[in-house]
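Coordinates from input11.txt are shown below (compact mmCIF, C-alpha atoms).
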```txt
# COMPACT_ATOMS: atom_id res chain seq x y z
CA MET A 199 0.00 0.00 0.00
CA THR A 200 1.43 3.35 -1.07
CA LYS A 201 1.01 6.11 1.52
CA PRO A 202 -0.72 9.29 0.28
CA ILE A 203 1.41 12.25 -0.78
CA PHE A 204 0.39 15.67 0.57
CA SER A 205 1.24 19.05 -0.94
CA ASN A 206 0.38 22.12 1.12
CA HIS A 207 -0.03 25.70 -0.08
CA GLY A 208 -0.63 28.86 1.93
CA CYS A 209 -1.09 29.72 5.58
CA ARG A 210 -0.33 28.08 8.91
CA LEU A 211 -3.97 27.06 9.21
CA ASN A 212 -3.68 25.16 5.94
CA MET A 213 -0.56 23.46 7.28
CA TYR A 214 -2.46 22.50 10.43
CA GLU A 215 -5.31 21.08 8.37
CA THR A 216 -2.91 19.17 6.15
CA GLU A 217 -1.61 17.41 9.26
CA ALA A 218 -5.21 16.64 10.26
CA MET A 219 -5.92 15.24 6.79
CA LYS A 220 -2.88 12.98 7.05
CA LYS A 221 -4.39 11.48 10.18
CA LEU A 222 -7.85 11.12 8.60
CA ALA A 223 -6.41 9.54 5.43
CA SER A 224 -4.31 7.12 7.49
CA ASN A 225 -7.29 6.09 9.61
CA ALA A 226 -9.27 5.44 6.42
CA ASP A 227 -6.40 3.41 4.88
CA LEU A 228 -6.35 5.67 1.82
CA SER A 229 -3.54 4.73 -0.55
CA ASN A 230 -2.13 5.64 -3.94
CA ALA A 231 -3.35 9.23 -3.75
CA VAL A 232 -1.95 12.75 -3.98
CA ILE A 233 -3.73 15.45 -1.96
CA VAL A 234 -3.16 19.12 -2.82
CA ASN A 235 -4.33 21.62 -0.18
CA THR A 236 -4.68 24.89 -2.11
CA CYS A 237 -4.59 28.58 -1.19
CA ALA A 238 -6.69 31.37 -2.72
CA VAL A 239 -5.28 34.48 -1.08
CA THR A 240 -4.04 35.82 -4.44
CA ALA A 241 -4.50 34.93 -8.10
CA GLU A 242 -0.82 33.95 -8.09
CA ALA A 243 -1.53 31.42 -5.32
CA VAL A 244 -4.19 29.77 -7.48
CA ARG A 245 -1.81 29.71 -10.47
CA LYS A 246 0.89 28.03 -8.38
CA ALA A 247 -1.61 25.43 -7.16
CA LYS A 248 -2.50 24.52 -10.74
CA GLN A 249 1.18 24.36 -11.66
CA ASP A 250 1.82 22.06 -8.70
CA ILE A 251 -1.07 19.77 -9.68
CA ARG A 252 0.33 19.34 -13.20
CA LYS A 253 3.81 18.60 -11.87
CA LEU A 254 2.47 16.08 -9.35
CA ARG A 255 0.50 14.32 -12.09
CA ARG A 256 3.66 13.93 -14.18
CA LYS A 257 5.50 12.47 -11.18
CA ASN A 258 2.59 10.25 -10.11
CA PRO A 259 0.81 9.14 -13.30
CA ASN A 260 -1.05 6.26 -11.64
CA SER A 261 -2.21 8.01 -8.47
CA ARG A 262 -5.53 9.71 -7.80
CA ILE A 263 -5.15 13.45 -7.40
CA ILE A 264 -7.49 15.00 -4.84
CA VAL A 265 -7.67 18.80 -4.65
CA THR A 266 -8.98 20.69 -1.62
CA GLY A 267 -8.41 23.97 0.25
CA CYS A 268 -9.61 27.51 -0.29
CA ALA A 269 -9.05 27.67 -4.06
CA ALA A 270 -10.94 24.40 -4.50
CA GLN A 271 -13.76 25.68 -2.29
CA ILE A 272 -14.09 28.93 -4.26
CA GLU A 273 -13.45 27.56 -7.77
CA PRO A 274 -14.43 23.85 -7.69
CA LEU A 275 -15.31 23.69 -11.39
CA THR A 276 -11.97 25.22 -12.40
CA PHE A 277 -10.13 22.36 -10.74
CA SER A 278 -12.60 19.61 -11.69
CA LYS A 279 -12.10 20.53 -15.36
CA MET A 280 -8.34 19.94 -15.09
CA SER A 281 -7.53 16.60 -16.74
CA GLU A 282 -5.01 15.88 -13.98
CA VAL A 283 -7.63 16.05 -11.18
CA ASP A 284 -9.76 13.11 -10.05
CA SER A 285 -11.62 14.60 -7.06
CA VAL A 286 -12.33 18.04 -5.61
CA ILE A 287 -13.39 18.33 -1.95
CA GLY A 288 -14.34 21.45 0.00
CA ASN A 289 -12.86 22.93 3.15
CA SER A 290 -15.59 21.49 5.35
CA GLU A 291 -15.55 18.08 3.68
CA LYS A 292 -11.76 17.71 4.04
CA MET A 293 -12.15 17.72 7.85
CA GLN A 294 -14.75 14.92 7.92
CA ALA A 295 -13.72 11.29 8.48
CA SER A 296 -16.57 10.07 6.24
CA THR A 297 -15.07 11.90 3.26
CA TRP A 298 -11.79 10.01 3.59
CA THR A 299 -13.50 6.68 4.22
CA GLY A 300 -15.48 7.20 1.02
CA LEU A 301 -12.36 8.14 -0.94
CA ALA A 302 -10.54 5.07 0.37
CA ASN A 303 -13.38 2.64 -0.33
CA GLY A 304 -14.57 4.17 -3.57
CA PHE A 305 -18.21 4.58 -2.54
CA GLY A 306 -20.40 7.66 -2.31
CA THR A 307 -17.69 9.87 -3.74
CA GLU A 308 -18.69 12.26 -6.48
CA PRO A 309 -15.91 14.00 -8.42
CA VAL A 310 -16.85 17.30 -6.76
CA GLN A 311 -17.80 17.37 -3.06
CA VAL A 312 -18.02 21.05 -2.16
CA ASP A 313 -20.92 22.29 -0.04
CA GLU A 314 -21.90 25.88 0.76
CA ILE A 315 -19.21 26.97 3.22
CA MET A 316 -21.38 29.74 4.70
CA SER A 317 -23.67 27.08 6.19
CA VAL A 318 -20.87 25.57 8.29
CA THR A 319 -21.26 26.39 11.97
CA GLU A 320 -18.48 24.34 13.62
CA THR A 321 -14.72 24.20 13.33
CA ALA A 322 -12.61 21.09 13.85
CA GLY A 323 -10.13 22.34 16.40
CA HIS A 324 -9.53 19.02 18.12
CA LEU A 325 -8.37 16.81 15.28
CA ILE A 326 -4.64 16.65 16.02
CA ASP A 327 -2.35 16.97 18.99
CA GLY A 328 0.96 18.35 17.82
CA PHE A 329 1.93 19.99 14.59
CA GLY A 330 5.16 21.86 14.00
CA THR A 331 8.65 21.16 15.24
CA ARG A 332 9.26 18.99 18.27
CA SER A 333 9.51 22.20 20.29
CA ARG A 334 6.52 24.19 18.98
CA ALA A 335 2.94 23.13 18.28
CA TYR A 336 0.10 24.97 16.53
CA VAL A 337 -3.46 24.90 17.84
CA GLN A 338 -6.41 26.02 15.72
CA VAL A 339 -8.84 28.05 17.83
CA GLN A 340 -10.88 29.79 15.12
CA ASN A 341 -11.82 29.51 11.45
CA GLY A 342 -13.60 31.72 8.92
CA CYS A 343 -14.19 35.48 8.83
CA ASP A 344 -17.24 37.72 9.17
CA HIS A 345 -15.52 40.75 7.63
CA ARG A 346 -15.58 41.56 3.93
CA CYS A 347 -12.43 43.43 2.98
CA THR A 348 -12.73 44.48 -0.64
CA PHE A 349 -9.55 42.68 -1.76
CA CYS A 350 -10.16 39.40 0.07
CA ILE A 351 -11.75 36.22 -1.25
CA ILE A 352 -10.94 34.12 1.82
CA PRO A 353 -14.36 34.38 3.59
CA TYR A 354 -15.81 32.58 0.56
CA GLY A 355 -13.26 29.80 1.05
CA ARG A 356 -13.42 29.59 4.83
CA GLY A 357 -16.98 30.65 5.64
CA ASN A 358 -18.18 32.75 8.55
CA SER A 359 -16.22 33.00 11.79
CA ARG A 360 -16.59 30.12 14.21
CA SER A 361 -14.68 29.40 17.38
CA VAL A 362 -13.35 26.35 19.18
CA PRO A 363 -14.69 26.44 22.78
CA ALA A 364 -12.15 27.49 25.40
CA GLY A 365 -12.39 24.22 27.29
CA VAL A 366 -11.48 22.23 24.18
CA VAL A 367 -8.52 24.52 23.50
CA VAL A 368 -7.22 24.30 27.07
CA ASP A 369 -7.52 20.50 27.14
CA GLN A 370 -5.62 20.22 23.86
CA ILE A 371 -2.84 22.50 25.09
CA LYS A 372 -2.57 20.49 28.31
CA ARG A 373 -2.05 17.32 26.26
CA LEU A 374 0.58 19.04 24.13
CA VAL A 375 2.47 20.33 27.17
CA ASP A 376 2.34 16.83 28.69
CA LYS A 377 3.95 15.57 25.46
CA GLY A 378 6.84 17.96 26.01
CA TYR A 379 6.02 20.93 23.77
CA ALA A 380 7.55 24.11 25.19
CA GLU A 381 5.67 26.57 22.98
CA ILE A 382 2.11 26.77 21.65
CA VAL A 383 0.98 29.01 18.80
CA LEU A 384 -2.72 29.87 18.54
CA THR A 385 -3.88 30.02 14.91
CA GLY A 386 -6.99 31.08 13.03
CA VAL A 387 -8.22 33.10 10.07
CA ASP A 388 -9.46 36.11 12.06
CA MET A 389 -8.10 35.53 15.55
CA THR A 390 -9.58 38.59 17.27
CA SER A 391 -13.11 37.47 16.35
CA TRP A 392 -12.70 34.39 18.54
CA GLY A 393 -15.63 33.89 20.90
CA ALA A 394 -18.24 36.01 19.13
CA ASP A 395 -20.25 32.89 18.24
CA LEU A 396 -19.89 31.19 21.64
CA PRO A 397 -22.24 31.48 24.65
CA ALA A 398 -21.54 34.69 26.63
CA THR A 399 -19.43 35.92 23.67
CA PRO A 400 -16.00 35.77 25.34
CA LYS A 401 -13.05 37.67 23.85
CA LEU A 402 -9.67 36.41 22.67
CA GLY A 403 -8.11 37.97 25.75
CA ASP A 404 -10.32 35.77 27.93
CA LEU A 405 -9.03 32.68 26.12
CA VAL A 406 -5.37 33.73 26.38
CA LEU A 407 -5.60 34.54 30.08
CA ARG A 408 -7.46 31.29 30.71
CA ILE A 409 -4.78 29.26 28.96
CA LEU A 410 -2.00 30.93 30.94
CA LYS A 411 -3.88 30.36 34.22
CA LEU A 412 -5.04 26.77 33.66
CA VAL A 413 -1.86 25.48 31.99
CA PRO A 414 0.84 26.70 34.39
CA ASP A 415 3.44 24.33 32.93
CA LEU A 416 3.17 25.96 29.48
CA LYS A 417 6.44 27.82 29.04
CA ARG A 418 5.65 29.96 26.00
CA LEU A 419 2.49 31.05 24.19
CA ARG A 420 2.26 32.87 20.86
CA ILE A 421 -0.61 34.39 18.90
CA SER A 422 -0.63 34.39 15.11
CA SER A 423 -1.83 37.38 13.07
CA ILE A 424 -4.27 39.71 14.84
CA ASP A 425 -6.33 42.77 13.94
CA SER A 426 -4.96 45.44 16.30
CA ILE A 427 -8.15 47.53 16.27
CA GLU A 428 -10.04 44.58 17.78
CA VAL A 429 -7.63 43.88 20.66
CA ASP A 430 -9.80 43.67 23.79
CA PRO A 431 -8.73 44.83 27.29
CA GLY A 432 -7.94 41.29 28.44
CA LEU A 433 -5.74 40.65 25.43
CA MET A 434 -4.00 43.98 25.93
CA GLU A 435 -3.33 43.00 29.54
CA ALA A 436 -1.83 39.70 28.43
CA ILE A 437 0.26 41.31 25.69
CA THR A 438 1.75 43.91 28.00
CA THR A 439 2.10 42.04 31.31
CA GLU A 440 2.33 38.28 30.74
CA PRO A 441 5.96 37.16 30.30
CA ARG A 442 4.88 33.73 28.99
CA LEU A 443 3.08 35.42 26.08
CA MET A 444 5.93 35.98 23.66
CA PRO A 445 6.84 39.60 22.70
CA HIS A 446 6.12 39.19 18.99
CA LEU A 447 2.86 40.22 17.32
CA HIS A 448 1.98 39.99 13.64
CA LEU A 449 -0.51 42.71 12.73
CA SER A 450 -3.00 42.70 9.87
CA LEU A 451 -2.38 46.32 8.80
CA GLN A 452 -2.45 46.02 4.97
CA HIS A 453 -1.73 49.70 4.24
CA GLY A 454 -0.60 53.02 5.67
CA ASP A 455 -2.95 55.45 3.94
CA ASP A 456 -6.40 56.26 5.32
CA LEU A 457 -8.13 56.57 1.95
CA ILE A 458 -6.78 53.23 0.77
CA LEU A 459 -7.72 51.62 4.09
CA LYS A 460 -11.28 52.88 3.62
CA ARG A 461 -11.34 51.52 0.07
CA MET A 462 -10.07 48.21 1.42
CA LYS A 463 -12.96 48.32 3.93
CA ARG A 464 -10.55 47.91 6.82
CA ARG A 465 -11.73 48.73 10.31
CA HIS A 466 -8.79 50.91 11.37
CA LEU A 467 -6.97 54.05 10.25
CA ARG A 468 -3.21 54.64 10.27
CA ASP A 469 -3.34 56.55 13.56
CA ASP A 470 -5.05 53.56 15.20
CA ALA A 471 -2.12 51.34 14.24
CA ILE A 472 0.44 53.89 15.42
CA LYS A 473 -1.38 54.40 18.72
CA PHE A 474 -1.59 50.65 19.36
CA THR A 475 2.08 49.91 18.70
CA LYS A 476 3.20 52.92 20.77
CA GLU A 477 1.02 51.90 23.71
CA VAL A 478 2.35 48.34 23.62
CA LEU A 479 5.99 49.45 23.35
CA ASP A 480 5.56 51.92 26.21
CA LEU A 481 4.38 49.06 28.44
CA ARG A 482 6.57 46.30 27.01
CA PRO A 483 9.65 47.70 25.22
CA GLU A 484 10.94 44.29 24.09
CA MET A 485 7.89 43.74 21.87
CA THR A 486 8.50 43.32 18.12
CA PHE A 487 5.90 43.68 15.38
CA GLY A 488 5.39 42.07 12.03
CA ALA A 489 2.73 43.14 9.55
CA ASP A 490 1.00 42.35 6.28
CA ILE A 491 1.37 45.17 3.74
CA ILE A 492 -0.23 45.22 0.28
CA ALA A 493 1.57 47.06 -2.51
CA GLY A 494 -0.37 48.46 -5.46
CA PHE A 495 -3.95 48.23 -4.23
CA PRO A 496 -6.35 49.73 -6.82
CA THR A 497 -6.21 53.57 -6.96
CA GLU A 498 -2.96 53.63 -4.92
CA THR A 499 -0.88 56.67 -5.90
CA GLU A 500 2.78 57.28 -5.04
CA ALA A 501 1.62 59.50 -2.19
CA HIS A 502 -0.58 56.72 -0.82
CA PHE A 503 2.30 54.29 -1.12
CA GLU A 504 4.66 56.64 0.71
CA ASN A 505 2.29 56.53 3.67
CA SER A 506 2.78 52.76 3.85
CA ILE A 507 6.53 53.31 3.90
CA LYS A 508 6.21 55.89 6.67
CA LEU A 509 4.02 53.51 8.68
CA ILE A 510 6.83 50.96 8.85
CA LYS A 511 8.96 53.35 10.89
CA GLU A 512 6.05 54.92 12.77
CA CYS A 513 4.90 51.51 14.02
CA ASN A 514 8.42 50.12 14.51
CA LEU A 515 7.64 47.16 12.21
CA THR A 516 10.33 44.51 11.87
CA TRP A 517 8.98 41.42 10.11
CA LEU A 518 7.07 42.37 6.93
CA HIS A 519 4.92 40.13 4.77
CA VAL A 520 4.67 42.08 1.52
CA PHE A 521 1.91 41.17 -0.93
CA PRO A 522 1.89 42.65 -4.44
CA TYR A 523 -1.79 43.23 -5.15
CA SER A 524 -3.29 40.81 -7.65
CA VAL A 525 -6.85 40.87 -8.95
CA ARG A 526 -9.21 38.33 -7.38
CA SER A 527 -12.30 37.87 -9.50
CA GLY A 528 -15.48 38.32 -7.46
CA THR A 529 -14.07 40.91 -5.06
CA PRO A 530 -15.11 44.61 -5.06
CA ALA A 531 -11.46 45.65 -5.52
CA ALA A 532 -11.38 43.85 -8.87
CA ARG A 533 -13.85 46.45 -10.18
CA MET A 534 -11.75 49.42 -9.03
CA PRO A 535 -9.21 51.25 -11.26
CA GLN A 536 -6.09 49.09 -11.24
CA VAL A 537 -2.47 50.12 -10.71
CA ASN A 538 0.03 49.35 -13.49
CA GLY A 539 1.63 45.94 -12.96
CA SER A 540 5.20 47.19 -13.26
CA SER A 541 4.50 49.88 -10.64
CA ILE A 542 3.15 47.23 -8.26
CA LYS A 543 6.30 45.16 -8.74
CA VAL A 544 8.56 48.16 -8.03
CA ARG A 545 6.61 49.17 -4.94
CA ALA A 546 6.60 45.64 -3.54
CA ALA A 547 10.36 45.39 -4.07
CA ARG A 548 10.86 48.69 -2.25
CA LEU A 549 8.77 47.52 0.70
CA ARG A 550 10.78 44.29 0.90
CA GLU A 551 14.03 46.26 0.79
CA ILE A 552 12.89 48.48 3.66
CA GLY A 553 11.65 45.42 5.55
CA SER A 554 15.04 43.77 5.14
CA ALA A 555 16.71 46.87 6.56
CA GLN A 556 14.33 46.82 9.53
CA VAL A 557 15.29 43.21 10.24
CA ASP A 558 18.98 44.18 10.12
CA ILE A 559 18.36 46.95 12.65
CA HIS A 560 16.55 44.58 14.99
CA LEU A 561 19.16 41.84 14.75
CA SER A 562 22.09 44.20 15.26
CA ALA A 563 20.45 45.55 18.42
CA GLN A 564 20.41 42.05 19.94
CA VAL A 565 24.20 41.60 19.93
CA GLY A 566 25.50 41.57 23.49
CA HIS A 567 22.12 40.69 24.98
CA VAL A 568 21.03 37.41 26.59
CA HIS A 569 17.90 35.72 25.23
CA SER A 570 15.98 32.61 26.22
CA VAL A 571 16.21 30.65 22.96
CA LEU A 572 13.88 27.75 22.15
CA MET A 573 15.83 25.12 20.20
CA GLU A 574 14.08 23.88 17.04
CA SER A 575 16.99 21.64 16.10
CA GLN A 576 20.44 20.98 17.50
CA HIS A 577 21.91 24.08 15.87
CA LEU A 578 18.93 26.43 15.36
CA GLY A 579 16.59 28.15 17.82
CA ARG A 580 14.47 31.27 18.12
CA THR A 581 14.37 34.19 20.51
CA PRO A 582 11.09 35.28 22.13
CA GLN A 583 10.88 37.89 19.32
CA PHE A 584 11.12 34.99 16.81
CA ALA A 585 14.56 35.84 15.44
CA GLU A 586 16.58 32.79 14.38
CA VAL A 587 19.73 31.95 16.36
CA ILE A 588 22.41 29.57 15.13
CA PHE A 589 24.82 27.68 17.40
CA SER A 590 28.18 26.16 16.45
CA GLU A 591 27.82 23.54 19.19
CA ALA A 592 24.85 21.16 19.32
CA GLN A 593 22.10 21.96 21.84
CA PRO A 594 19.23 19.78 23.10
CA GLU A 595 16.26 20.10 20.73
CA GLY A 596 13.07 21.38 22.35
CA LYS A 597 14.87 22.97 25.28
CA ILE A 598 15.01 26.68 26.20
CA ILE A 599 18.63 27.79 26.39
CA GLU A 600 19.93 31.01 27.96
CA THR A 601 22.01 32.45 25.15
CA MET A 602 24.43 35.34 24.71
CA ILE A 603 24.03 36.83 21.22
CA THR A 604 27.53 37.32 19.83
CA SER A 605 27.03 38.41 16.20
CA VAL A 606 24.79 38.51 13.13
CA SER A 607 25.29 36.44 9.99
CA SER A 608 23.00 36.11 6.94
CA LYS A 609 19.88 37.43 8.68
CA LYS A 610 20.46 35.14 11.66
CA LEU A 611 21.81 35.75 15.12
CA GLU A 612 24.80 33.77 16.35
CA GLY A 613 24.87 32.75 19.97
CA ARG A 614 26.58 30.78 22.69
CA THR A 615 25.17 29.38 25.91
CA THR A 616 25.74 31.41 29.06
```

Could you quickly redo this structure as C-alpha cells?
Amino acid sequence: MTKPIFSNHGCRLNMYETEAMKKLASNADLSNAVIVNTCAVTAEAVRKAKQDIRKLRRKNPNSRIIVTGCAAQIEPLTFSKMSEVDSVIGNSEKMQASTWTGLANGFGTEPVQVDEIMSVTETAGHLIDGFGTRSRAYVQVQNGCDHRCTFCIIPYGRGNSRSVPAGVVVDQIKRLVDKGYAEIVLTGVDMTSWGADLPATPKLGDLVLRILKLVPDLKRLRISSIDSIEVDPGLMEAITTEPRLMPHLHLSLQHGDDLILKRMKRRHLRDDAIKFTKEVLDLRPEMTFGADIIAGFPTETEAHFENSIKLIKECNLTWLHVFPYSVRSGTPAARMPQVNGSSIKVRAARLREIGSAQVDIHLSAQVGHVHSVLMESQHLGRTPQFAEVIFSEAQPEGKIIETMITSVSSKKLEGRTT
C-alpha cells in the first residue's frame, strides 16, 4: 500500500489542516493518492496550485489526485475541469472522516464534493495533537471570517467565523504540554473574532488569560496574526504584562494610507495602528511587530504608497509580509481602477528592501544581549521575538537555552550558551 502524498499551499492554518488530513487519510487506509491543499489568497496562489497539480501528475501518473483547500472551495469547477484532477473536496468536507472513508473505499464519492461553506457552523479544532517542530505546536482556535475586505476572497473559502470552545482549546494545550512541547501558537483566520459565536461571547483575551492560568506548565504562548483595532482589554493585559506570552505580534495592517484603508474596507486608520504599537511598546519595550502590507492596491498613488513606507517606521515594524496586489475575480477591488503591474512590482520590491533593513536593525540591536532561545533543532533556535539563532555547538532540541548573542550572519543571530 502506497502512503498518500500531501502538498500544502498557503497559511499556517492550511498546514495545520494538512496534518489533520494525514491522520484522517491514514485512519481510512487511503492509498495511492496525492492530496493538494490549495490557497486562494491571491491569483498567483491559485496559479501556483494549478502548476503544482500538473507537476504532481507527471511524477505520479497512476495516483488519484485530490484537490482541496480555499481555491478548490471557491473555484471547484476550475479544478474539476483539469484533466489531472480526479476529485475536488471542500474545506468542510476535508475535515470529515466520512469523506476520507469514502475516498478510500470508492463509494459515495462524487468527483466534486463542495458544499456551501457559509452554512458551516463548527470548526474542527480538536483533530490533532501536535503539529510543528518537536519544540513548537500549533493549535487552531478559530476559522472563517465575518468581515468583507474588498480585496479578500478568503471568507468565501473559509466561511463565517466560528470558534473552538475554550475548554477544548485548554484540554488540547494540556495534552501538548504533557507531550513535552515548550511553545504553543494559537492560529486562526481572524483571531480577534474568537468567541463572538460562543455562549456569553467571550473575547480572545479571555481565552489567552485562561490558557495561561489553567496550563501553568506551558512555558511559551504565541498568537498568530491579529487585527490590532479589535484587541480587547484582556488581550491587551496579556500582551503587556504576561511574560509567557511571547513579545512578537503579527498585525494585519495592509496599508498606511487612510483613503486606501477605507477603500479596502478595513476597520482601522493609520493613527489607530500607530497608537496601538506605541502603547504596547511603552508598556513592554521588548515587543516586536510584524505586519502584512499590500503594494499596489487599486487607486494607490505614489503619495498613498509613501504613507505605507512611513508607517513601517512609525509603528516600529520589523517582520514584513509584503503582498503585491493581484486581482481576485469576485471581489469589489477587482472592479476598481487598477495600478500598473510594473509599478506594483517596483513598490513591492521597495517595501521588501525596507523590511530587510528593519530586520537588520533589529538583529544588530540584539548583539551583546542574553535571550531565552527555544531550540528547534540541535543548531537552530528562536528568541522570544522569533529571530533565528544559530549555534556552532549542538544543543538539546526542544529545550530553552539562555544564550548570549555574539554576532549577526546572513539574517540570523549567532549565539553561545551562558

Rounded to one decimal, what separation in Å do you get between CA of Leu572 in chain A and CA of Val366 in chain A?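 Atom-to-atom, CA of Leu572 in chain A to CA of Val366 in chain A, that is 26.0 Å.
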
Test item: residues at most 7 Å from Met485 in chain A, all atoms listed in the file, excluding those fewer than 3 positions along its chain, as a ChimeraX atom specification: /A:445-446,479,482

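Closest approach to Ala335 in chain A among A:Glu381, A:Glu440, A:Glu435, A:Glu574: A:Glu381, based on all atoms listed in the file.
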
Give me the residues near range 609-615 of chain A as an mmCIF file with C-alpha atoms, keeping the file's coordinate frame, where near means some atom within 7 Å (using all atoms listed in the file) and where sequence neighbours in that chain fewer than 3 positions away do not count.
```
data_model
loop_
_atom_site.group_PDB
_atom_site.id
_atom_site.type_symbol
_atom_site.label_atom_id
_atom_site.label_comp_id
_atom_site.auth_asym_id
_atom_site.auth_seq_id
_atom_site.Cartn_x
_atom_site.Cartn_y
_atom_site.Cartn_z
ATOM 1 C CA ASP A 558 18.980 44.180 10.120
ATOM 2 C CA LEU A 561 19.160 41.840 14.750
ATOM 3 C CA GLU A 586 16.580 32.790 14.380
ATOM 4 C CA VAL A 587 19.730 31.950 16.360
ATOM 5 C CA ILE A 588 22.410 29.570 15.130
ATOM 6 C CA PHE A 589 24.820 27.680 17.400
ATOM 7 C CA ILE A 599 18.630 27.790 26.390
ATOM 8 C CA GLU A 600 19.930 31.010 27.960
ATOM 9 C CA THR A 601 22.010 32.450 25.150
ATOM 10 C CA MET A 602 24.430 35.340 24.710
ATOM 11 C CA ILE A 603 24.030 36.830 21.220
ATOM 12 C CA THR A 604 27.530 37.320 19.830
ATOM 13 C CA SER A 605 27.030 38.410 16.200
ATOM 14 C CA VAL A 606 24.790 38.510 13.130
#
```

Minimum-distance residue to Ser575 in chain A, chosen among A:Ser333, A:Ser296, A:Gln271, A:Thr499 (using only C-alpha atoms): A:Ser333
